[in-house]
>>> print(open('work.pdb').read())   # PDB, C-alpha atoms
ATOM      1  CA  MET V   1       0.000   0.000   0.000
ATOM      2  CA  THR V   2       1.191   3.494  -0.753
ATOM      3  CA  ASN V   3       1.202   6.411   1.647
ATOM      4  CA  ILE V   4       0.914   8.913  -1.186
ATOM      5  CA  ALA V   5      -2.262  10.907  -0.639
ATOM      6  CA  GLY V   6      -2.051  12.721  -3.960
ATOM      7  CA  CYS V   7       0.209  14.514  -6.408
ATOM      8  CA  ALA V   8      -0.165  17.712  -8.388
ATOM      9  CA  LEU V   9       1.866  19.899 -10.684
ATOM     10  CA  MET V  10       1.003  23.424  -9.642
ATOM     11  CA  PRO V  11       1.445  26.689 -11.494
ATOM     12  CA  HIS V  12       3.176  29.248  -9.310
ATOM     13  CA  PRO V  13       3.263  32.764 -10.714
ATOM     14  CA  PRO V  14       2.834  35.110  -7.745
ATOM     15  CA  VAL V  15       0.152  37.035  -9.643
ATOM     16  CA  MET V  16      -2.147  34.056  -8.869
ATOM     17  CA  VAL V  17      -2.297  35.137  -5.237
ATOM     18  CA  PRO V  18      -5.063  37.746  -4.783
ATOM     19  CA  GLU V  19      -2.879  40.000  -2.612
ATOM     20  CA  VAL V  20      -0.384  40.205  -5.497
ATOM     21  CA  GLY V  21      -2.583  39.850  -8.583
ATOM     22  CA  LYS V  22      -5.375  42.117  -7.371
ATOM     23  CA  GLY V  23      -7.327  43.275 -10.451
ATOM     24  CA  GLU V  24      -5.331  41.028 -12.784
ATOM     25  CA  LEU V  25      -6.856  37.848 -11.315
ATOM     26  CA  GLU V  26      -9.775  38.010 -13.711
ATOM     27  CA  LYS V  27      -7.358  37.425 -16.610
ATOM     28  CA  ILE V  28      -6.133  34.155 -15.064
ATOM     29  CA  LYS V  29      -9.319  33.050 -13.316
ATOM     30  CA  ASN V  30      -9.208  29.556 -14.880
ATOM     31  CA  THR V  31      -5.654  29.016 -13.599
ATOM     32  CA  VAL V  32      -6.641  30.226 -10.133
ATOM     33  CA  ARG V  33      -9.708  27.980 -10.158
ATOM     34  CA  ALA V  34      -7.548  25.004 -11.205
ATOM     35  CA  ALA V  35      -5.075  25.714  -8.353
ATOM     36  CA  GLU V  36      -7.971  25.906  -5.877
ATOM     37  CA  GLN V  37      -9.385  22.617  -7.168
ATOM     38  CA  ALA V  38      -5.989  20.889  -7.033
ATOM     39  CA  ALA V  39      -5.486  22.107  -3.463
ATOM     40  CA  GLN V  40      -8.947  20.824  -2.488
ATOM     41  CA  LEU V  41      -8.209  17.421  -4.058
ATOM     42  CA  LEU V  42      -4.878  17.169  -2.251
ATOM     43  CA  LYS V  43      -6.494  18.204   1.041
ATOM     44  CA  ALA V  44      -9.240  15.598   0.504
ATOM     45  CA  GLY V  45      -6.507  12.920   0.517
ATOM     46  CA  ASN V  46      -5.947  13.871   4.173
ATOM     47  CA  PRO V  47      -2.158  14.304   3.983
ATOM     48  CA  GLN V  48      -0.203  14.862   7.172
ATOM     49  CA  THR V  49       2.798  16.123   5.220
ATOM     50  CA  VAL V  50       3.237  17.878   1.892
ATOM     51  CA  ILE V  51       6.430  17.598  -0.128
ATOM     52  CA  VAL V  52       7.013  20.609  -2.364
ATOM     53  CA  ILE V  53       9.610  20.225  -5.099
ATOM     54  CA  THR V  54      10.538  23.615  -6.487
ATOM     55  CA  PRO V  55      12.744  24.878  -9.312
ATOM     56  CA  HIS V  56      13.171  28.253  -7.574
ATOM     57  CA  GLY V  57      14.923  27.286  -4.344
ATOM     58  CA  PRO V  58      18.692  26.943  -4.010
ATOM     59  CA  VAL V  59      19.717  24.939  -7.089
ATOM     60  CA  PHE V  60      23.056  23.155  -7.230
ATOM     61  CA  GLU V  61      24.780  21.787 -10.299
ATOM     62  CA  ASP V  62      25.655  18.441  -8.752
ATOM     63  CA  ALA V  63      22.876  17.808  -6.222
ATOM     64  CA  ALA V  64      19.267  18.249  -5.249
ATOM     65  CA  SER V  65      18.676  19.923  -1.895
ATOM     66  CA  VAL V  66      16.309  19.615   1.037
ATOM     67  CA  SER V  67      15.576  22.148   3.766
ATOM     68  CA  VAL V  68      16.302  20.830   7.252
ATOM     69  CA  TYR V  69      15.330  24.007   9.084
ATOM     70  CA  PRO V  70      12.644  23.136  11.711
ATOM     71  CA  ARG V  71      10.152  25.775  10.576
ATOM     72  CA  LEU V  72       9.884  26.980   7.005
ATOM     73  CA  LYS V  73       8.138  30.172   6.044
ATOM     74  CA  GLY V  74       8.168  32.814   3.387
ATOM     75  CA  SER V  75       6.322  35.876   2.217
ATOM     76  CA  LEU V  76       5.401  37.478  -1.057
ATOM     77  CA  ALA V  77       7.009  40.777  -0.011
ATOM     78  CA  ALA V  78       9.184  40.769  -3.149
ATOM     79  CA  PHE V  79       5.936  40.843  -5.141
ATOM     80  CA  GLY V  80       4.315  43.689  -3.199
ATOM     81  CA  ALA V  81       2.456  41.625  -0.597
ATOM     82  CA  PRO V  82       4.568  41.642   2.591
ATOM     83  CA  ASP V  83       1.640  40.532   4.751
ATOM     84  CA  THR V  84       1.054  37.386   2.694
ATOM     85  CA  VAL V  85       3.056  34.875   4.733
ATOM     86  CA  VAL V  86       2.888  31.088   4.749
ATOM     87  CA  GLY V  87       4.742  28.851   7.201
ATOM     88  CA  PHE V  88       4.854  25.194   8.203
ATOM     89  CA  GLU V  89       6.815  22.946  10.517
ATOM     90  CA  THR V  90       9.296  20.678   8.745
ATOM     91  CA  ASP V  91       8.658  16.934   8.831
ATOM     92  CA  GLY V  92      12.125  16.113  10.149
ATOM     93  CA  LEU V  93      11.516  12.360  10.232
ATOM     94  CA  LEU V  94      10.563  12.255   6.553
ATOM     95  CA  VAL V  95      13.532  14.480   5.677
ATOM     96  CA  LYS V  96      15.851  11.973   7.423
ATOM     97  CA  GLN V  97      14.271   9.101   5.516
ATOM     98  CA  ILE V  98      14.691  10.929   2.201
ATOM     99  CA  LEU V  99      18.337  11.641   3.018
ATOM    100  CA  ARG V 100      18.938   7.949   3.867
ATOM    101  CA  LYS V 101      17.200   6.621   0.764
ATOM    102  CA  ALA V 102      19.003   9.104  -1.509
ATOM    103  CA  GLU V 103      22.351   8.132  -0.011
ATOM    104  CA  ARG V 104      21.622   4.417  -0.503
ATOM    105  CA  LEU V 105      20.788   5.058  -4.160
ATOM    106  CA  GLY V 106      23.910   7.179  -4.668
ATOM    107  CA  ILE V 107      22.085  10.472  -5.186
ATOM    108  CA  ASN V 108      23.811  13.610  -3.925
ATOM    109  CA  LEU V 109      21.333  15.455  -1.703
ATOM    110  CA  ILE V 110      22.449  18.582   0.134
ATOM    111  CA  GLU V 111      20.977  19.502   3.515
ATOM    112  CA  LEU V 112      20.158  23.209   3.517
ATOM    113  CA  THR V 113      21.357  24.565   6.871
ATOM    114  CA  ASP V 114      22.067  28.020   8.306
ATOM    115  CA  ASP V 115      25.812  27.560   7.742
ATOM    116  CA  LEU V 116      25.347  26.527   4.116
ATOM    117  CA  ALA V 117      22.974  29.453   3.517
ATOM    118  CA  LYS V 118      25.564  31.861   4.909
ATOM    119  CA  THR V 119      28.384  30.298   2.888
ATOM    120  CA  TYR V 120      26.493  30.408  -0.415
ATOM    121  CA  ARG V 121      24.483  33.528   0.422
ATOM    122  CA  PHE V 122      21.001  32.212  -0.153
ATOM    123  CA  SER V 123      17.843  32.471   1.881
ATOM    124  CA  LEU V 124      16.240  29.619   3.779
ATOM    125  CA  ASN V 125      12.835  31.260   3.280
ATOM    126  CA  LEU V 126      10.335  29.526   1.054
ATOM    127  CA  ASP V 127      10.601  30.651  -2.564
ATOM    128  CA  HIS V 128       7.601  31.611  -4.702
ATOM    129  CA  GLY V 129       7.649  28.196  -6.418
ATOM    130  CA  ALA V 130       6.708  26.733  -3.038
ATOM    131  CA  LEU V 131       4.757  29.682  -1.620
ATOM    132  CA  VAL V 132       2.088  29.925  -4.301
ATOM    133  CA  PRO V 133       1.011  26.252  -4.150
ATOM    134  CA  LEU V 134       1.277  26.303  -0.338
ATOM    135  CA  TYR V 135      -0.878  29.441  -0.242
ATOM    136  CA  TYR V 136      -3.668  27.495  -1.951
ATOM    137  CA  LEU V 137      -3.134  24.398   0.199
ATOM    138  CA  HIS V 138      -3.288  26.529   3.347
ATOM    139  CA  LYS V 139      -6.422  28.218   2.032
ATOM    140  CA  ALA V 140      -7.926  24.729   1.481
ATOM    141  CA  GLY V 141      -7.287  23.942   5.150
ATOM    142  CA  PHE V 142      -3.998  22.022   5.131
ATOM    143  CA  LYS V 143      -2.260  22.430   8.495
ATOM    144  CA  GLY V 144       0.268  19.589   8.437
ATOM    145  CA  GLN V 145       4.022  19.472   7.999
ATOM    146  CA  LEU V 146       6.244  20.289   5.038
ATOM    147  CA  VAL V 147       9.280  18.936   3.224
ATOM    148  CA  HIS V 148      10.846  21.547   0.923
ATOM    149  CA  ILE V 149      13.023  20.139  -1.862
ATOM    150  CA  SER V 150      14.799  22.059  -4.606
ATOM    151  CA  MET V 151      15.632  20.313  -7.838
ATOM    152  CA  GLY V 152      19.230  19.888  -8.886
ATOM    153  CA  MET V 153      20.894  20.242 -12.263
ATOM    154  CA  LEU V 154      21.437  16.491 -12.269
ATOM    155  CA  PRO V 155      20.945  14.316 -15.340
ATOM    156  CA  TYR V 156      17.401  13.099 -15.885
ATOM    157  CA  GLN V 157      18.178   9.530 -14.766
ATOM    158  CA  GLU V 158      19.601  10.757 -11.445
ATOM    159  CA  MET V 159      16.595  12.999 -10.776
ATOM    160  CA  TYR V 160      14.335  10.045 -11.601
ATOM    161  CA  THR V 161      16.279   7.885  -9.138
ATOM    162  CA  PHE V 162      15.977  10.675  -6.576
ATOM    163  CA  GLY V 163      12.205  10.579  -7.116
ATOM    164  CA  LYS V 164      12.293   6.855  -6.376
ATOM    165  CA  ALA V 165      14.216   7.630  -3.165
ATOM    166  CA  VAL V 166      11.507  10.105  -2.144
ATOM    167  CA  GLN V 167       8.810   7.542  -2.942
ATOM    168  CA  ALA V 168      10.592   4.867  -0.888
ATOM    169  CA  ALA V 169      10.995   7.304   2.019
ATOM    170  CA  ILE V 170       7.280   8.126   1.935
ATOM    171  CA  ASN V 171       6.393   4.428   2.001
ATOM    172  CA  THR V 172       8.776   3.752   4.905
ATOM    173  CA  GLY V 173       6.623   5.720   7.343
ATOM    174  CA  ASP V 174       2.971   5.582   8.250
ATOM    175  CA  LYS V 175       2.010   9.129   7.298
ATOM    176  CA  ARG V 176      -0.070  10.138   4.323
ATOM    177  CA  VAL V 177       1.954  12.463   2.120
ATOM    178  CA  ALA V 178       0.968  14.683  -0.804
ATOM    179  CA  VAL V 179       3.550  15.726  -3.371
TER     180      VAL V 179
END
>>> encode(input="work.pdb", output="structure tokens")
Amino acid sequence: MTNIAGCALMPHPPVMVPEVGKGELEKIKNTVRAAEQAAQLLKAGNPQTVIVITPHGPVFEDAASVSVYPRLKGSLAAFGAPDTVVGFETDGLLVKQILRKAERLGINLIELTDDLAKTYRFSLNLDHGALVPLYYLHKAGFKGQLVHISMGMLPYQEMYTFGKAVQAAINTGDKRVAV
């Protein structure tokens, strides 16, 4: 049996969020409606954790990365909506399982820590690729935990194998997880 509660590919332009898009929302109302429906479907699967895989977080040439910070949050301040903030606790147990499975399969996965963020000068805040889908999930009532993964510039086969590591990690535990 799988613990995967649902999966969705979500659009993530910040203009989709009403506090950013304001009067422009009418032009993309079908996209907004689709994001709301996807969030409702994911929420209906009763996930305890959501894994967000984003192309806009810290991206490394030779590795994917996962945030290990205990609480992840971000705002849409860069898009004119500083009061639009989303935050979730990290599912540390699932992160550890993903790290173990990736290591066993030979996939380079970097743990995003304070020290690494300072060294490479990047933020540990959630990026808009995660914030926009999470905004809609939060709006749908999701209050669980989060795993924030950034893709790597790895060859397709390695990213596929990394996906298998994530799947195996999900199925190791007893939580329902949406991706």
>>> closest_residue(input="work.pdb", among="V:Leu124, V:Cys7, V:Ile107, V:Pro58", to="Leu72 of chain V", atoms="only C-alpha atoms")
V:Leu124
>>> resolve_selection(input="work.pdb", expression="the PyMOL selection byres ((chain V and resi 70) around 6)", output="list in words")
Tyr69, Arg71, Glu89 and Thr90 of chain V
>>> resolve_selection(input="work.pdb", expression="the PyMOL selection byres ((chain V and resi 29-32) around 12)", output="JSON, numbers by chain")
{"V": [10, 11, 12, 13, 14, 15, 16, 17, 18, 21, 22, 23, 24, 25, 26, 27, 28, 33, 34, 35, 36, 37, 38, 39, 132, 133, 135, 136]}
>>> residues_around(input="work.pdb", residues="Gly152 of chain V", least_positions_apart="6", cutoff="12 Å", atoms="only C-alpha atoms", output="compact mmCIF listing (two decimals) with C-alpha atoms, in the frame of the given file")
# COMPACT_ATOMS: atom_id res chain seq x y z
CA ILE V 53 9.61 20.23 -5.10
CA THR V 54 10.54 23.62 -6.49
CA PRO V 55 12.74 24.88 -9.31
CA HIS V 56 13.17 28.25 -7.57
CA GLY V 57 14.92 27.29 -4.34
CA PRO V 58 18.69 26.94 -4.01
CA VAL V 59 19.72 24.94 -7.09
CA PHE V 60 23.06 23.16 -7.23
CA GLU V 61 24.78 21.79 -10.30
CA ASP V 62 25.66 18.44 -8.75
CA ALA V 63 22.88 17.81 -6.22
CA ALA V 64 19.27 18.25 -5.25
CA SER V 65 18.68 19.92 -1.90
CA VAL V 66 16.31 19.61 1.04
CA ILE V 107 22.08 10.47 -5.19
CA ASN V 108 23.81 13.61 -3.92
CA LEU V 109 21.33 15.46 -1.70
CA ILE V 110 22.45 18.58 0.13
CA GLU V 158 19.60 10.76 -11.44
CA MET V 159 16.60 13.00 -10.78
CA TYR V 160 14.34 10.04 -11.60
CA PHE V 162 15.98 10.68 -6.58
CA GLY V 163 12.20 10.58 -7.12
>>> resolve_selection(input="work.pdb", expression="the PyMOL selection byres ((chain V and resi 145) around 6)", output="PyMOL selection string")
chain V and resi 49+88-91+144+146
>>> closest_residue(input="work.pdb", among="V:Thr2, V:Ser67, V:Thr172, V:Thr161", to="Glu103 of chain V", atoms="all atoms listed in the file")
V:Thr161
>>> closest_residue(input="work.pdb", among="V:Val68, V:Leu76, V:Ala81, V:Leu94", to="Asp174 of chain V", atoms="only C-alpha atoms")
V:Leu94
>>> closest_residue(input="work.pdb", among="V:Val177, V:Val147, V:Leu154, V:Ala5", to="Gly45 of chain V", atoms="all atoms listed in the file")
V:Ala5
